[in-house]
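K.L.:
Structure: structure07.cif, mmCIF, C-alpha atoms.
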data_entry
#
loop_
_atom_site.label_atom_id
_atom_site.label_comp_id
_atom_site.auth_asym_id
_atom_site.auth_seq_id
_atom_site.Cartn_x
_atom_site.Cartn_y
_atom_site.Cartn_z
CA MET A 1027 -2.47 19.45 -35.53
CA ALA A 1028 0.62 21.59 -36.12
CA ASP A 1029 -0.65 24.57 -34.16
CA ALA A 1030 -2.65 22.76 -31.49
CA PRO A 1031 -3.16 24.97 -28.43
CA PRO A 1032 -0.84 24.21 -25.51
CA ASN A 1033 -2.23 21.65 -23.08
CA PRO A 1034 0.14 21.67 -20.10
CA TRP A 1035 -0.18 19.19 -17.21
CA LEU A 1036 0.40 21.91 -14.66
CA SER A 1037 -1.10 25.32 -15.09
CA ALA A 1038 -1.35 28.17 -12.62
CA ALA A 1039 -3.79 29.89 -14.94
CA TYR A 1040 -6.20 26.94 -14.66
CA LEU A 1041 -6.08 27.11 -10.88
CA ARG A 1042 -6.58 30.89 -10.89
CA ASP A 1043 -9.49 30.86 -13.32
CA ASN A 1044 -11.29 27.91 -11.75
CA ALA A 1045 -10.51 28.49 -8.08
CA GLY A 1046 -14.19 28.40 -7.13
CA ASP A 1047 -14.82 25.19 -9.03
CA VAL A 1048 -11.79 23.44 -7.59
CA ALA A 1049 -12.63 24.62 -4.07
CA ALA A 1050 -16.20 23.31 -4.41
CA ALA A 1051 -14.96 19.89 -5.57
CA LEU A 1052 -12.35 19.77 -2.81
CA GLY A 1053 -14.98 20.81 -0.25
CA GLN A 1054 -17.32 18.03 -1.36
CA HIS A 1055 -14.45 15.54 -1.26
CA VAL A 1056 -13.42 16.52 2.27
CA GLY A 1057 -17.04 16.59 3.46
CA LEU A 1058 -17.80 13.12 2.07
CA THR A 1059 -14.60 11.63 3.49
CA VAL A 1060 -15.05 13.10 6.97
CA GLU A 1061 -18.74 12.18 7.17
CA ALA A 1062 -18.11 8.63 5.93
CA VAL A 1063 -15.25 7.97 8.34
CA VAL A 1064 -17.11 9.49 11.32
CA ILE A 1065 -20.29 7.48 10.63
CA ALA A 1066 -18.31 4.29 10.01
CA SER A 1067 -16.36 4.79 13.27
CA ALA A 1068 -19.59 5.41 15.20
CA ILE A 1069 -20.91 2.06 13.92
CA ALA A 1070 -17.63 0.13 14.06
CA LEU A 1071 -16.69 0.92 17.66
CA PRO A 1072 -19.82 -0.51 19.36
CA LEU A 1073 -19.93 -3.36 16.83
CA GLY A 1074 -16.30 -4.27 17.49
CA MET A 1075 -16.78 -4.04 21.27
CA LEU A 1076 -19.88 -6.24 21.08
CA ALA A 1077 -18.03 -8.82 18.98
CA HIS A 1078 -15.16 -8.73 21.47
CA ARG A 1079 -17.51 -9.44 24.40
CA ARG A 1080 -19.34 -12.16 22.44
CA PRO A 1081 -16.59 -13.97 20.46
CA ARG A 1082 -19.19 -16.13 18.75
CA LEU A 1083 -20.35 -13.04 16.82
CA ALA A 1084 -16.86 -12.15 15.61
CA GLY A 1085 -16.56 -14.77 12.86
CA PRO A 1086 -19.87 -14.08 11.08
CA LEU A 1087 -19.39 -10.31 11.50
CA LEU A 1088 -15.95 -10.32 9.89
CA SER A 1089 -16.97 -12.62 7.04
CA THR A 1090 -20.05 -10.49 6.26
CA ALA A 1091 -17.87 -7.39 6.19
CA GLY A 1092 -15.36 -9.29 4.03
CA VAL A 1093 -18.01 -10.18 1.45
CA LEU A 1094 -19.21 -6.55 1.39
CA TYR A 1095 -15.63 -5.52 0.69
CA THR A 1096 -15.42 -7.70 -2.44
CA ILE A 1097 -18.31 -5.84 -4.09
CA PRO A 1098 -16.63 -3.47 -6.54
CA SER A 1099 -17.14 0.21 -5.74
CA LEU A 1100 -18.48 0.99 -9.21
CA ALA A 1101 -21.00 -1.84 -8.88
CA LEU A 1102 -21.98 -0.89 -5.32
CA PHE A 1103 -22.72 2.71 -6.26
CA ALA A 1104 -24.53 1.37 -9.31
CA VAL A 1105 -26.63 -1.09 -7.32
CA LEU A 1106 -27.51 1.53 -4.68
CA ALA A 1107 -28.32 4.30 -7.15
CA PRO A 1108 -31.83 3.11 -8.14
CA TYR A 1109 -32.87 3.03 -4.47
CA THR A 1110 -31.07 5.99 -2.90
CA GLY A 1111 -31.00 8.21 -5.97
CA ILE A 1112 -28.28 9.98 -7.88
CA GLY A 1113 -26.06 12.01 -5.61
CA ARG A 1114 -24.36 12.40 -2.28
CA VAL A 1115 -26.31 9.93 -0.13
CA THR A 1116 -25.49 6.99 -2.42
CA VAL A 1117 -21.78 7.75 -2.33
CA LEU A 1118 -21.88 8.20 1.44
CA ILE A 1119 -23.55 4.81 2.03
CA GLY A 1120 -20.97 3.10 -0.17
CA LEU A 1121 -18.01 4.79 1.51
CA VAL A 1122 -19.34 3.94 5.01
CA LEU A 1123 -19.73 0.27 4.05
CA TYR A 1124 -16.15 0.01 2.78
CA ALA A 1125 -14.64 1.86 5.76
CA LEU A 1126 -16.64 -0.32 8.14
CA LEU A 1127 -14.73 -3.53 7.38
CA LEU A 1128 -11.33 -1.96 7.98
CA LEU A 1129 -12.50 -0.27 11.21
CA VAL A 1130 -14.32 -3.24 12.75
CA ARG A 1131 -11.29 -5.41 12.08
CA GLY A 1132 -9.06 -2.76 13.69
CA VAL A 1133 -11.20 -2.60 16.86
CA LEU A 1134 -11.34 -6.41 17.15
CA VAL A 1135 -7.63 -6.96 16.55
CA GLY A 1136 -6.75 -4.14 18.94
CA LEU A 1137 -8.93 -5.49 21.75
CA ALA A 1138 -7.74 -9.06 21.18
CA GLY A 1139 -4.11 -7.89 21.39
CA VAL A 1140 -4.41 -6.60 24.96
CA ASP A 1141 -1.97 -8.43 27.23
CA PRO A 1142 -3.91 -11.08 29.22
CA ALA A 1143 -1.81 -10.28 32.30
CA VAL A 1144 -3.03 -6.67 32.22
CA ARG A 1145 -6.59 -7.93 31.96
CA ASP A 1146 -5.99 -10.26 34.92
CA ALA A 1147 -4.55 -7.41 36.97
CA ALA A 1148 -7.54 -5.21 36.20
CA ARG A 1149 -9.91 -7.98 37.20
CA GLY A 1150 -7.94 -8.49 40.41
CA MET A 1151 -8.26 -4.77 41.18
CA GLY A 1152 -12.03 -5.20 41.03
CA TYR A 1153 -12.87 -3.68 37.65
CA SER A 1154 -16.26 -4.75 36.33
CA PRO A 1155 -16.22 -6.06 32.72
CA GLY A 1156 -17.67 -2.76 31.47
CA ALA A 1157 -15.23 -0.56 33.37
CA MET A 1158 -12.35 -2.77 32.29
CA LEU A 1159 -13.36 -2.36 28.63
CA TRP A 1160 -13.57 1.44 28.89
CA ARG A 1161 -10.61 2.17 31.14
CA VAL A 1162 -8.15 -0.62 30.38
CA GLU A 1163 -8.79 -2.50 27.15
CA LEU A 1164 -9.90 0.36 24.87
CA PRO A 1165 -6.99 2.66 25.75
CA LEU A 1166 -4.53 -0.20 25.19
CA ALA A 1167 -6.16 -1.00 21.84
CA LEU A 1168 -5.92 2.64 20.71
CA PRO A 1169 -2.70 2.35 18.65
CA THR A 1170 -4.13 -0.50 16.54
CA MET A 1171 -7.44 1.31 16.17
CA VAL A 1172 -5.71 4.52 15.08
CA SER A 1173 -3.76 2.68 12.37
CA ALA A 1174 -7.01 1.13 11.13
CA LEU A 1175 -8.56 4.60 11.13
CA ARG A 1176 -5.65 5.96 9.08
CA LEU A 1177 -5.92 3.15 6.53
CA ALA A 1178 -9.69 3.61 6.28
CA THR A 1179 -9.35 7.37 5.83
CA VAL A 1180 -6.74 7.11 3.08
CA SER A 1181 -8.77 4.49 1.19
CA THR A 1182 -11.91 6.60 1.57
CA VAL A 1183 -10.16 9.62 0.04
CA ALA A 1184 -9.19 7.50 -2.96
CA LEU A 1185 -12.58 5.79 -3.22
CA THR A 1186 -14.61 9.00 -3.15
CA THR A 1187 -13.47 9.73 -6.71
CA VAL A 1188 -15.51 6.76 -7.97
CA GLY A 1189 -18.63 8.63 -6.78
CA VAL A 1190 -18.42 10.41 -10.13
CA VAL A 1191 -20.72 7.69 -11.57
CA VAL A 1192 -23.57 9.05 -9.45
CA GLY A 1193 -22.53 12.66 -9.86
CA ALA A 1194 -20.97 13.25 -6.44
CA GLY A 1195 -17.34 12.29 -6.65
CA GLY A 1196 -15.71 15.43 -5.27
CA LEU A 1197 -12.37 15.71 -7.03
CA GLY A 1198 -13.44 12.74 -9.16
CA GLN A 1199 -15.80 15.14 -10.95
CA LEU A 1200 -12.81 17.21 -12.06
CA LEU A 1201 -10.87 14.08 -13.07
CA PHE A 1202 -13.67 12.83 -15.25
CA ARG A 1203 -14.54 16.19 -16.76
CA GLY A 1204 -10.86 16.74 -17.54
CA PHE A 1205 -10.73 13.34 -19.20
CA ARG A 1206 -13.84 14.03 -21.28
CA SER A 1207 -12.49 17.34 -22.56
CA ASN A 1208 -8.85 16.18 -22.64
CA TYR A 1209 -7.91 19.02 -20.28
CA HIS A 1210 -4.58 17.91 -18.81
CA ALA A 1211 -4.31 20.62 -16.17
CA GLU A 1212 -7.71 19.69 -14.70
CA ILE A 1213 -6.78 16.00 -14.38
CA MET A 1214 -3.37 16.67 -12.87
CA THR A 1215 -4.66 19.27 -10.41
CA ALA A 1216 -7.38 16.90 -9.16
CA THR A 1217 -4.90 14.01 -8.84
CA LEU A 1218 -2.39 16.06 -6.89
CA LEU A 1219 -5.12 17.43 -4.61
CA CYS A 1220 -6.32 13.86 -3.92
CA LEU A 1221 -2.82 12.78 -2.97
CA ALA A 1222 -2.26 15.87 -0.82
CA LEU A 1223 -5.60 15.38 0.91
CA ALA A 1224 -4.79 11.75 1.73
CA LEU A 1225 -1.34 12.62 3.06
CA VAL A 1226 -2.61 15.53 5.18
CA ALA A 1227 -5.40 13.40 6.65
CA ASP A 1228 -2.97 10.57 7.38
CA LEU A 1229 -0.52 12.94 9.07
CA LEU A 1230 -3.25 14.60 11.15
CA LEU A 1231 -4.55 11.25 12.39
CA ALA A 1232 -1.00 10.08 13.16
CA VAL A 1233 -0.48 13.18 15.31
CA VAL A 1234 -3.85 12.72 17.04
CA GLY A 1235 -2.92 9.08 17.69
CA ARG A 1236 0.39 10.11 19.28
CA LEU A 1237 -1.24 12.76 21.44
CA SER A 1238 -3.96 10.38 22.64
CA THR A 1239 -1.47 7.72 23.74
CA PRO A 1240 1.11 9.73 25.71
CA TRP A 1241 2.08 6.68 27.76
CA GLN A 1242 3.56 4.87 24.78
CA VAL A 1243 7.32 4.52 24.81
CA ARG A 1244 8.84 5.64 21.53
CA MET B 42 -39.51 0.73 -10.08
CA ASP B 43 -38.83 -2.99 -10.15
CA VAL B 44 -35.07 -2.87 -10.63
CA LEU B 45 -34.35 -6.39 -9.43
CA GLY B 46 -36.93 -7.90 -11.78
CA GLU B 47 -35.48 -5.88 -14.60
CA ALA B 48 -32.00 -7.15 -13.70
CA ALA B 49 -33.22 -10.74 -13.70
CA ARG B 50 -34.86 -10.21 -17.10
CA TRP B 51 -31.63 -8.69 -18.45
CA LEU B 52 -29.61 -11.66 -17.21
CA ASN B 53 -32.17 -14.07 -18.68
CA ASP B 54 -31.92 -12.63 -22.19
CA PRO B 55 -29.57 -14.85 -24.23
CA LEU B 56 -28.85 -11.94 -26.57
CA ASN B 57 -27.09 -10.13 -23.70
CA TRP B 58 -24.72 -13.06 -23.24
CA THR B 59 -23.45 -13.65 -26.76
CA GLY B 60 -21.87 -11.40 -29.35
CA PRO B 61 -18.82 -9.12 -29.20
CA SER B 62 -20.24 -7.06 -26.28
CA GLY B 63 -22.00 -9.95 -24.58
CA VAL B 64 -21.44 -11.03 -21.00
CA LEU B 65 -19.22 -13.94 -22.06
CA ALA B 66 -16.88 -11.83 -24.19
CA LEU B 67 -16.69 -9.11 -21.55
CA THR B 68 -16.04 -11.61 -18.75
CA TRP B 69 -13.21 -13.05 -20.81
CA ALA B 70 -11.74 -9.55 -21.33
CA HIS B 71 -12.19 -8.80 -17.60
CA VAL B 72 -10.43 -11.99 -16.49
CA TRP B 73 -7.63 -11.54 -19.01
CA ILE B 74 -6.91 -7.95 -17.90
CA SER B 75 -6.99 -9.00 -14.22
CA VAL B 76 -4.60 -11.91 -14.81
CA LEU B 77 -2.14 -9.68 -16.68
CA ALA B 78 -2.31 -6.96 -14.01
CA VAL B 79 -1.75 -9.37 -11.10
CA ALA B 80 1.00 -11.20 -13.02
CA LEU B 81 2.78 -7.93 -13.82
CA ALA B 82 2.54 -6.77 -10.19
CA ALA B 83 3.66 -10.17 -8.91
CA LEU B 84 6.63 -10.19 -11.28
CA LEU B 85 7.78 -6.94 -9.67
CA ALA B 86 6.65 -7.35 -6.08
CA LEU B 87 7.41 -10.98 -5.26
CA PRO B 88 11.15 -11.02 -6.13
CA LEU B 89 11.54 -7.59 -4.52
CA GLY B 90 9.63 -8.72 -1.43
CA LEU B 91 11.59 -11.96 -1.14
CA TRP B 92 14.87 -10.07 -1.47
CA LEU B 93 13.86 -7.45 1.09
CA GLY B 94 12.36 -10.06 3.41
CA ARG B 95 15.68 -11.93 3.51
CA ARG B 96 17.74 -8.82 4.01
CA GLY B 97 15.42 -7.50 6.70
CA LYS B 98 16.76 -3.99 6.24
CA GLY B 99 14.69 -1.59 4.17
CA ALA B 100 11.65 -3.87 4.25
CA ARG B 101 9.53 -1.57 6.46
CA LEU B 102 10.40 1.40 4.26
CA ALA B 103 9.34 -0.48 1.11
CA VAL B 104 5.99 -1.37 2.67
CA VAL B 105 5.42 2.27 3.66
CA VAL B 106 6.26 3.45 0.14
CA ALA B 107 3.98 0.83 -1.41
CA ASN B 108 1.19 1.80 0.98
CA THR B 109 1.29 5.43 -0.07
CA THR B 110 0.23 4.29 -3.56
CA ARG B 111 -3.10 3.44 -1.93
CA ALA B 112 -3.71 7.18 -1.65
CA LEU B 113 -3.49 7.53 -5.44
CA PRO B 114 -7.01 6.90 -6.72
CA THR B 115 -7.11 4.28 -9.47
CA LEU B 116 -9.55 6.48 -11.34
CA ALA B 117 -6.96 9.29 -11.30
CA LEU B 118 -4.29 6.93 -12.60
CA LEU B 119 -6.60 5.68 -15.35
CA THR B 120 -7.56 9.18 -16.50
CA LEU B 121 -3.92 10.27 -16.36
CA LEU B 122 -2.86 7.35 -18.56
CA ALA B 123 -5.81 7.85 -20.90
CA ALA B 124 -5.12 11.54 -21.27
CA SER B 125 -1.48 10.81 -22.10
CA GLY B 126 -2.69 8.72 -25.00
CA LEU B 127 -2.66 5.30 -23.38
CA PHE B 128 -6.19 3.95 -23.77
CA GLY B 129 -7.92 0.65 -23.23
CA ALA B 130 -6.48 -2.61 -21.99
CA THR B 131 -2.83 -1.52 -21.63
CA ALA B 132 -3.73 1.43 -19.41
CA THR B 133 -6.07 -0.71 -17.33
CA VAL B 134 -3.42 -3.38 -16.79
CA LEU B 135 -0.83 -0.78 -15.73
CA ALA B 136 -3.17 1.09 -13.35
CA CYS B 137 -4.44 -2.11 -11.73
CA ALA B 138 -0.92 -3.50 -11.39
CA VAL B 139 0.05 -0.44 -9.33
CA PHE B 140 -3.02 -1.09 -7.20
CA ALA B 141 -1.99 -4.73 -6.64
CA LEU B 142 1.56 -3.93 -5.50
CA PRO B 143 1.06 -3.18 -1.75
CA PRO B 144 -0.67 -6.44 -0.70
CA LEU B 145 1.76 -8.55 -2.78
CA LEU B 146 4.83 -6.81 -1.43
CA SER B 147 3.81 -6.90 2.22
CA GLY B 148 2.68 -10.53 1.81
CA ALA B 149 6.10 -11.58 0.50
CA ILE B 150 8.02 -9.63 3.16
CA ASP B 151 5.85 -10.67 6.11
CA GLY B 152 5.71 -14.25 4.89
CA LEU B 153 9.48 -14.63 4.73
CA GLU B 154 10.05 -12.83 8.03
CA GLY B 155 7.53 -15.08 9.75
CA VAL B 156 9.38 -18.29 8.86
CA ASP B 157 10.55 -20.12 11.98
CA ALA B 158 14.24 -19.29 12.46
CA GLY B 159 14.79 -22.83 13.77
CA ALA B 160 13.66 -24.32 10.46
CA VAL B 161 16.07 -22.06 8.55
CA ASP B 162 18.92 -23.03 10.89
CA ALA B 163 18.14 -26.70 10.46
CA ALA B 164 18.16 -26.31 6.67
CA THR B 165 21.56 -24.60 6.82
CA GLY B 166 22.83 -27.34 9.11
CA MET B 167 21.70 -29.96 6.59
CA GLY B 168 24.02 -28.32 4.06
CA MET B 169 21.44 -26.62 1.87
CA SER B 170 22.68 -23.77 -0.29
CA ARG B 171 21.03 -20.35 0.06
CA TRP B 172 18.88 -20.84 -3.03
CA HIS B 173 17.96 -24.38 -2.18
CA ARG B 174 16.95 -23.27 1.30
CA LEU B 175 14.83 -20.43 -0.08
CA TRP B 176 13.13 -22.72 -2.58
CA ALA B 177 12.68 -25.86 -0.46
CA VAL B 178 12.15 -24.46 3.05
CA GLU B 179 11.40 -20.76 3.34
CA LEU B 180 9.04 -20.35 0.38
CA PRO B 181 6.80 -23.35 1.22
CA LEU B 182 6.57 -22.19 4.85
CA ALA B 183 5.68 -18.66 3.72
CA VAL B 184 2.91 -19.87 1.37
CA PRO B 185 -0.02 -19.05 3.70
CA VAL B 186 1.02 -15.38 4.11
CA ILE B 187 2.12 -14.88 0.49
CA GLY B 188 -1.09 -16.57 -0.63
CA ALA B 189 -3.18 -14.19 1.47
CA GLY B 190 -1.42 -11.28 -0.24
CA VAL B 191 -2.05 -12.73 -3.70
CA ARG B 192 -5.73 -13.32 -2.91
CA THR B 193 -6.23 -9.79 -1.60
CA ALA B 194 -4.47 -8.36 -4.65
CA ALA B 195 -6.43 -10.48 -7.13
CA VAL B 196 -9.83 -9.72 -5.61
CA GLN B 197 -9.03 -6.01 -5.43
CA VAL B 198 -7.94 -6.01 -9.07
CA VAL B 199 -11.04 -7.87 -10.27
CA ALA B 200 -13.15 -5.36 -8.34
CA THR B 201 -11.20 -2.38 -9.73
CA VAL B 202 -11.04 -3.33 -13.43
CA PRO B 203 -14.68 -2.17 -13.97
CA LEU B 204 -13.54 1.43 -13.35
CA ALA B 205 -11.69 1.27 -16.66
CA ALA B 206 -15.05 1.31 -18.41
CA LEU B 207 -15.30 4.99 -17.48
CA VAL B 208 -12.31 5.73 -19.70
CA GLY B 209 -13.22 3.29 -22.46
CA GLY B 210 -11.64 0.02 -21.32
CA ARG B 211 -13.65 -3.13 -22.07
CA SER B 212 -14.67 -5.26 -19.10
CA LEU B 213 -17.79 -6.22 -17.17
CA GLY B 214 -17.81 -2.58 -16.08
CA THR B 215 -18.89 -1.71 -19.61
CA ILE B 216 -22.30 -3.22 -18.80
CA ILE B 217 -22.64 -1.01 -15.69
CA VAL B 218 -21.50 2.18 -17.39
CA SER B 219 -23.65 1.72 -20.49
CA GLY B 220 -26.61 0.87 -18.25
CA PHE B 221 -26.06 4.16 -16.44
CA GLY B 222 -25.78 6.03 -19.69
CA THR B 223 -29.09 4.69 -20.97
CA LEU B 224 -30.85 4.82 -17.55
CA HIS B 225 -31.40 1.06 -17.58
CA TYR B 226 -30.89 0.44 -13.88
CA GLY B 227 -31.76 -3.23 -14.18
CA GLN B 228 -28.77 -3.64 -16.47
CA VAL B 229 -26.63 -1.70 -13.97
CA VAL B 230 -27.63 -4.03 -11.12
CA ALA B 231 -27.05 -7.07 -13.35
CA GLY B 232 -23.55 -5.83 -14.19
CA GLY B 233 -22.79 -5.18 -10.52
CA ALA B 234 -23.96 -8.65 -9.56
CA LEU B 235 -21.81 -10.21 -12.31
CA VAL B 236 -18.66 -8.43 -11.07
CA ALA B 237 -19.35 -9.31 -7.42
CA GLY B 238 -19.94 -12.93 -8.44
CA LEU B 239 -16.66 -13.00 -10.37
CA CYS B 240 -14.86 -11.62 -7.28
CA LEU B 241 -16.23 -14.34 -5.03
CA LEU B 242 -15.40 -16.98 -7.65
CA VAL B 243 -11.79 -15.75 -7.93
CA GLU B 244 -11.46 -15.71 -4.14
CA GLY B 245 -12.77 -19.28 -3.96
CA VAL B 246 -10.54 -20.62 -6.74
CA LEU B 247 -7.44 -18.97 -5.28
CA ALA B 248 -8.26 -20.31 -1.80
CA LEU B 249 -8.32 -23.81 -3.28
CA GLY B 250 -5.06 -23.16 -5.14
CA GLN B 251 -3.43 -21.92 -1.96
CA ARG B 252 -4.58 -25.04 -0.11
CA ALA B 253 -2.97 -27.18 -2.78
CA ALA B 254 0.29 -25.21 -2.57
CA THR B 255 0.50 -25.33 1.23
CA PRO B 256 2.78 -28.10 2.58
CA THR B 257 0.85 -30.96 4.19
CA GLY B 258 2.51 -30.35 7.55
CA LEU B 259 1.31 -26.74 7.71
CA ARG B 260 -2.20 -27.80 6.76
CA ALA B 261 -2.28 -30.30 9.61
CA LEU B 262 -0.98 -27.59 11.95
CA ALA B 263 -3.74 -25.21 10.88
CA ARG B 264 -6.37 -27.85 11.69
CA THR B 265 -5.11 -28.28 15.26
CA PRO B 266 -7.24 -25.92 17.34
CA ASP B 267 -4.65 -25.04 19.99
CA ARG B 268 -1.24 -24.42 18.62
#
Now, as a test, write the supplied structure out as structure tokens.

P.N.:
Amino acid sequence: MADAPPNPWLSAAYLRDNAGDVAAALGQHVGLTVEAVVIASAIALPLGMLAHRRPRLAGPLLSTAGVLYTIPSLALFAVLAPYTGIGRVTVLIGLVLYALLLLVRGVLVGLAGVDPAVRDAARGMGYSPGAMLWRVELPLALPTMVSALRLATVSTVALTTVGVVVGAGGLGQLLFRGFRSNYHAEIMTATLLCLALALVADLLLAVVGRLSTPWQVR
Amino acid sequence: MDVLGEAARWLNDPLNWTGPSGVLALTWAHVWISVLAVALAALLALPLGLWLGRRGKGARLAVVVANTTRALPTLALLTLLAASGLFGATATVLACAVFALPPLLSGAIDGLEGVDAGAVDAATGMGMSRWHRLWAVELPLAVPVIGAGVRTAAVQVVATVPLAALVGGRSLGTIIVSGFGTLHYGQVVAGGALVAGLCLLVEGVLALGQRAATPTGLRALARTPDR
């Protein structure tokens, strides 16, 4: 053990020699995150709007999503794997399910938080329920929905790593391989990239949220 | 491929339940690790949250800082700890405790900030000392919000502990990971169902505990439909 080879946590040489590998893992990570959040948003928005229009649906919808959320990620990927196979699709389904709860709740809370007086005024101006939803309630619910989107995106970035159990974990692949071979630089690089990815995504969405609600007083 | 039937057969085999790697022993290890992780996080987060919640200043910042830890994947934390030589239960407890911090901290802060200012004033007017007021008035009134934080943290931890099996920690996740390794998907599904069941059980037990800890007056208030 006296002359063990150096095993630094940070290594430029690792990054240089494995640039292609790291880029592929990062690409898969970004792709999975973006796809999962986009699909989950596409499902959550109509679902949330429907539950808002029919309050009786809201309770069962939220509790179903809540139960889904208690299923551990490792177990969910594991349970899905025999049916959807080893690989990307399984991870994607799992990520969409987890993001869904956060997003549906965001849409519902945002719509419920719209000032009743504003709603009254819109009705008085002759808006139909549909037009009111699109042109009054949704824009006013945007800030809440954007914060839900940010939370969902950051959790999805972190959760994608667990996809390693079905062979499609993006940066999780590097984490696990680094752990198996006790390669410190690989683990640290993947961890830092995960953190950076989450922060960049969060920042981007925050900026988009600001730009899309120019009427907000800050 | 009859995975569900295979899972049922796996769960029905008494040999899978007993012994050092049986379901019972692993459940015990799982629960023990979860309790330690939540307790460690609560020991840090609750006093800090109560202090910040009373001061008011700095509370938002603390919540933001705690929330950024959500971006750190638990798997990354586990592999980092394992690669630094910290294997098994200790590493799992540490990694899961970090994961449990944000909901506990924001629960304590939001709970204390949400206490009716009139009630606090009344307590002061009755001559209660700061500590007495915190203990007898503010904490009981904050129980619903703090309890929600504890429940979220506990369920998240129970659902996260299985990840430790990937780096050698013993828990119900061991069943899932070894099932994967040997391509016994029935065993994988059985393990997943066991963890999900444990999560729901923990949620239920904690909900009952929270009900018991909530002051009778608040419970009556919650039952009134229009507050």

K.L.:
Residues of chain A within 6 Å of chain B, using all atoms listed in the file, as a list in words?

P.N.:
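So the contacting residues turn out to be Ile1097, Pro1098, Ala1101, Ala1104, Val1105, Val1180, Ala1184, Phe1205, Thr1217, Leu1221 and Ala1224 of chain A.
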
K.L.:
State, in Å with one decimal place, the distance from CA of Ala80 in chain B to CA of Gln251 in chain B.

P.N.:
16.0 Å

K.L.:
Quote the spacing between CA of Leu1237 in chain A and CA of Ala1070 in chain A in Å to one decimal place.

P.N.:
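So the answer is 22.0 Å.
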
K.L.:
Can you work out the spacing between CA of Leu67 in chain B and CA of Phe140 in chain B in Å, to one decimal?

P.N.:
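Interatomic distance here is 21.4 Å.
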
K.L.:
Which residues match the PyMOL selection byres ((chain A and resi 1227) around 10) in the file above, as an NGL selection string?

P.N.:
:A and (1056 or 1059-1060 or 1176 or 1179-1180 or 1183 or 1221-1226 or 1228-1233)

K.L.:
Please evaluate the PyMOL selection byres ((chain B and resi 211) around 7) against the structure above and give the resulting residues as a ChimeraX atom specification.

P.N.:
/B:67,70,129,206,209-210,212,215

K.L.:
Kindly provide, as a short mmCIF file (atom, residue, chain, number, x, y, z; two decimals) with C-alpha atoms, keeping the file's coordinate frame, the polymer residues lying within 12 Å of (7.8, -11.5, 2.1), counting all atoms listed in the file and using the coordinates exactly as they appear in the file.

P.N.:
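Wrote it out as out.cif, contents follow:
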data_model
loop_
_atom_site.label_atom_id
_atom_site.label_comp_id
_atom_site.auth_asym_id
_atom_site.auth_seq_id
_atom_site.Cartn_x
_atom_site.Cartn_y
_atom_site.Cartn_z
CA ALA B 83 3.66 -10.17 -8.91
CA ALA B 86 6.65 -7.35 -6.08
CA LEU B 87 7.41 -10.98 -5.26
CA PRO B 88 11.15 -11.02 -6.13
CA LEU B 89 11.54 -7.59 -4.52
CA GLY B 90 9.63 -8.72 -1.43
CA LEU B 91 11.59 -11.96 -1.14
CA TRP B 92 14.87 -10.07 -1.47
CA LEU B 93 13.86 -7.45 1.09
CA GLY B 94 12.36 -10.06 3.41
CA ARG B 95 15.68 -11.93 3.51
CA ARG B 96 17.74 -8.82 4.01
CA GLY B 97 15.42 -7.50 6.70
CA ALA B 100 11.65 -3.87 4.25
CA ARG B 101 9.53 -1.57 6.46
CA ALA B 103 9.34 -0.48 1.11
CA VAL B 104 5.99 -1.37 2.67
CA PRO B 143 1.06 -3.18 -1.75
CA PRO B 144 -0.67 -6.44 -0.70
CA LEU B 145 1.76 -8.55 -2.78
CA LEU B 146 4.83 -6.81 -1.43
CA SER B 147 3.81 -6.90 2.22
CA GLY B 148 2.68 -10.53 1.81
CA ALA B 149 6.10 -11.58 0.50
CA ILE B 150 8.02 -9.63 3.16
CA ASP B 151 5.85 -10.67 6.11
CA GLY B 152 5.71 -14.25 4.89
CA LEU B 153 9.48 -14.63 4.73
CA GLU B 154 10.05 -12.83 8.03
CA GLY B 155 7.53 -15.08 9.75
CA VAL B 156 9.38 -18.29 8.86
CA LEU B 175 14.83 -20.43 -0.08
CA GLU B 179 11.40 -20.76 3.34
CA LEU B 180 9.04 -20.35 0.38
CA PRO B 181 6.80 -23.35 1.22
CA LEU B 182 6.57 -22.19 4.85
CA ALA B 183 5.68 -18.66 3.72
CA VAL B 184 2.91 -19.87 1.37
CA PRO B 185 -0.02 -19.05 3.70
CA VAL B 186 1.02 -15.38 4.11
CA ILE B 187 2.12 -14.88 0.49
CA GLY B 188 -1.09 -16.57 -0.63
CA ALA B 189 -3.18 -14.19 1.47
CA GLY B 190 -1.42 -11.28 -0.24
CA VAL B 191 -2.05 -12.73 -3.70
#

K.L.:
May I ask which of the residues A:Leu1126, A:Leu1218, A:Leu1076, A:Leu1036 is the closest one to Val1093 in chain A, counting only C-alpha atoms?

P.N.:
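So, comparing all the options, the nearest one is A:Leu1126.
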
K.L.:
Which residues are near range 1187-1192 of chain A? Cut-off 6 Å, only C-alpha atoms, ignore same chain within fewer than 2 positions. Put them as a list in words.

P.N.:
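My reading of the contact set: Ile1112, Gly1113, Val1117, Leu1185, Ala1194, Gly1195, Gly1198 and Gln1199 of chain A.
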
K.L.:
Give me the result of the PyMOL selection byres ((chain A and resi 1119) around 12) on this file, residue by residue, as a PyMOL selection string.

P.N.:
chain A and resi 1058-1059+1061-1063+1065-1066+1099+1102-1107+1109-1111+1113-1118+1120-1126+1182+1186+1189
